[in-house]
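Right, one structure below, let's go through it.
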Amino acid sequence: MPQEYEKDAYPEPPKQTPVTEKETTLPNPALITSKLFYYSVDLPVTKFREIIDGIRGKNKYHYYHQNFRRVPDLTECVEGDYLCYYEAEMQWRRDFKVDQEILKIMQERLRACQQREGHSYVQNCDSQVKDFNQVAQAYNSRYGDLGAHANSRRCLMKQKERMIEQQQKA
C-alpha cells in the first residue's frame, strides 16, 4: 500500500480568489481627475476637431504655391506714397527670384542635354543653347550691374539709362 502524504503539509489552493474589500468609502481621486479631464478638455476638443475636419473635407483646396496680385511698378507710385514704394519693392524682389529660377532651369536643361549628347552637343543641343543665351542676355540686361545691394530703384535707374543710350544711338 502506497504511503499517503500529509494533507496538512500541502493544503489545497482556494477554489476562488477572495475579493478584497474596500478599506474606505471615498472614490479614487485619480479616477475622478482622469474622468474630469476627459469630459472637460479631451472630448470637446476632439469633437471640435472632427467638425472642422468635416468642413475642410467638403472644401478641398489644393495648395501648390502662393499667388500674389500684381502691384504697380515704382514708376506708377505717387510721390511720398511709402506703402506703394514698399509693395513695388516686394514685387520687384519676387520677380527677381522668379527670373533667377528661370535662369537656373534653363541652365539645368542645357547641362542635361550636354551630358546626354556628349561631344556632339554643339549640333544636337542648339535650341537649348539659343534659349539659354537669350534668357541669360535678358537677365544680364535687367539685373547685370546692380551689385549685391540690388533694389527696385537701382534697377529702374539702370533701365532709364539704357533707354537714354538707345535713344541717343537712334
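As shown in the C-alpha cells, the chain order sets the letters A, B, ...; within each chain, residues go from 1, and ligands are also counted from 1 in the order they appear.
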Return as JSON lines the residues of stretch 10-80 of chain A lying at most 9 Å from stretch 91-110 of chain A, together with the closest atom-to-atom pair for each and the distance in Å to one decimal, counting only C-alpha atoms, with rows in chain order and ascending residue number.
{"residue": "A:Phe68", "atom": "CA", "partner": "A:Gln91", "partner_atom": "CA", "distance": 8.7}
{"residue": "A:Arg70", "atom": "CA", "partner": "A:Gln91", "partner_atom": "CA", "distance": 7.3}
{"residue": "A:Val71", "atom": "CA", "partner": "A:Gln91", "partner_atom": "CA", "distance": 6.8}
{"residue": "A:Pro72", "atom": "CA", "partner": "A:Gln91", "partner_atom": "CA", "distance": 8.6}
{"residue": "A:Asp73", "atom": "CA", "partner": "A:Gln91", "partner_atom": "CA", "distance": 8.1}
- Neighbour list for A:Val129 as a PyMOL selection string, cut-off 10 Å, only C-alpha atoms, skip fewer than 3 positions in-chain: chain A and resi 106-107+109-111+113-114+121-126+132-135
Serialized selection, N, CA and C atoms, as a PDB file, in the first residue's frame:
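To be explicit, this is the file written out as again-v3.pdb:
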ATOM      1  N   MET A 106      16.835  76.862 -67.120  1.00  0.00           N
ATOM      2  CA  MET A 106      17.395  76.823 -68.472  1.00  0.00           C
ATOM      3  C   MET A 106      18.820  76.278 -68.452  1.00  0.00           C
ATOM      4  N   GLN A 107      19.587  76.634 -67.433  1.00  0.00           N
ATOM      5  CA  GLN A 107      20.947  76.129 -67.307  1.00  0.00           C
ATOM      6  C   GLN A 107      20.949  74.625 -67.034  1.00  0.00           C
ATOM      7  N   ARG A 109      18.646  72.499 -68.004  1.00  0.00           N
ATOM      8  CA  ARG A 109      18.268  71.847 -69.260  1.00  0.00           C
ATOM      9  C   ARG A 109      19.453  71.765 -70.214  1.00  0.00           C
ATOM     10  N   LEU A 110      20.223  72.851 -70.294  1.00  0.00           N
ATOM     11  CA  LEU A 110      21.395  72.851 -71.159  1.00  0.00           C
ATOM     12  C   LEU A 110      22.420  71.835 -70.678  1.00  0.00           C
ATOM     13  N   ARG A 111      22.681  71.785 -69.390  1.00  0.00           N
ATOM     14  CA  ARG A 111      23.638  70.819 -68.845  1.00  0.00           C
ATOM     15  C   ARG A 111      23.175  69.383 -69.052  1.00  0.00           C
ATOM     16  N   CYS A 113      21.276  68.299 -71.485  1.00  0.00           N
ATOM     17  CA  CYS A 113      21.455  67.998 -72.904  1.00  0.00           C
ATOM     18  C   CYS A 113      22.931  67.749 -73.211  1.00  0.00           C
ATOM     19  N   GLN A 114      23.812  68.560 -72.639  1.00  0.00           N
ATOM     20  CA  GLN A 114      25.241  68.352 -72.847  1.00  0.00           C
ATOM     21  C   GLN A 114      25.696  67.009 -72.294  1.00  0.00           C
ATOM     22  N   TYR A 121      27.149  67.714 -78.567  1.00  0.00           N
ATOM     23  CA  TYR A 121      26.107  68.599 -78.035  1.00  0.00           C
ATOM     24  C   TYR A 121      25.991  69.887 -78.843  1.00  0.00           C
ATOM     25  N   VAL A 122      27.055  70.275 -79.532  1.00  0.00           N
ATOM     26  CA  VAL A 122      27.022  71.524 -80.276  1.00  0.00           C
ATOM     27  C   VAL A 122      25.936  71.482 -81.355  1.00  0.00           C
ATOM     28  N   GLN A 123      25.824  70.341 -82.042  1.00  0.00           N
ATOM     29  CA  GLN A 123      24.800  70.232 -83.079  1.00  0.00           C
ATOM     30  C   GLN A 123      23.437  69.870 -82.480  1.00  0.00           C
ATOM     31  N   ASN A 124      23.420  68.951 -81.518  1.00  0.00           N
ATOM     32  CA  ASN A 124      22.154  68.399 -81.023  1.00  0.00           C
ATOM     33  C   ASN A 124      21.461  69.279 -79.979  1.00  0.00           C
ATOM     34  N   CYS A 125      22.194  70.140 -79.326  1.00  0.00           N
ATOM     35  CA  CYS A 125      21.604  70.983 -78.273  1.00  0.00           C
ATOM     36  C   CYS A 125      21.540  72.447 -78.702  1.00  0.00           C
ATOM     37  N   ASP A 126      21.423  72.680 -79.983  1.00  0.00           N
ATOM     38  CA  ASP A 126      21.436  74.043 -80.498  1.00  0.00           C
ATOM     39  C   ASP A 126      20.267  74.867 -79.954  1.00  0.00           C
ATOM     40  N   PHE A 132      19.048  79.336 -73.703  1.00  0.00           N
ATOM     41  CA  PHE A 132      19.818  79.759 -72.534  1.00  0.00           C
ATOM     42  C   PHE A 132      20.486  81.102 -72.783  1.00  0.00           C
ATOM     43  N   ASN A 133      21.075  81.288 -73.960  1.00  0.00           N
ATOM     44  CA  ASN A 133      21.726  82.574 -74.262  1.00  0.00           C
ATOM     45  C   ASN A 133      20.724  83.718 -74.260  1.00  0.00           C
ATOM     46  N   GLN A 134      19.533  83.476 -74.773  1.00  0.00           N
ATOM     47  CA  GLN A 134      18.504  84.525 -74.794  1.00  0.00           C
ATOM     48  C   GLN A 134      18.071  84.889 -73.374  1.00  0.00           C
ATOM     49  N   VAL A 135      17.831  83.880 -72.547  1.00  0.00           N
ATOM     50  CA  VAL A 135      17.408  84.131 -71.160  1.00  0.00           C
ATOM     51  C   VAL A 135      18.530  84.789 -70.374  1.00  0.00           C
TER      52      VAL A 135
END
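You will find atom CA of A:Gln159 at 11.6 Å from atom CA of A:Thr75.
Closest to A:Glu76 among A:Leu156, A:Ala170, A:Leu43, A:Met163 is A:Leu156, based on only C-alpha atoms.
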- Task: Could you check how far atom CA of A:Asn140 sits from atom CA of A:Gln166, in Å to one decimal?
- Result: 16.6 Å
- Query: Mind pulling up the distance from atom CA of A:Asn59 to atom CA of A:Ser40?
  - Reply: 29.7 Å
- Report the residues of chain A whose backbone DSSP state falls under helix (DSSP H, G or I), written as a ChimeraX atom specification. /A:29-58,74-76,82-124,126-143,152-169
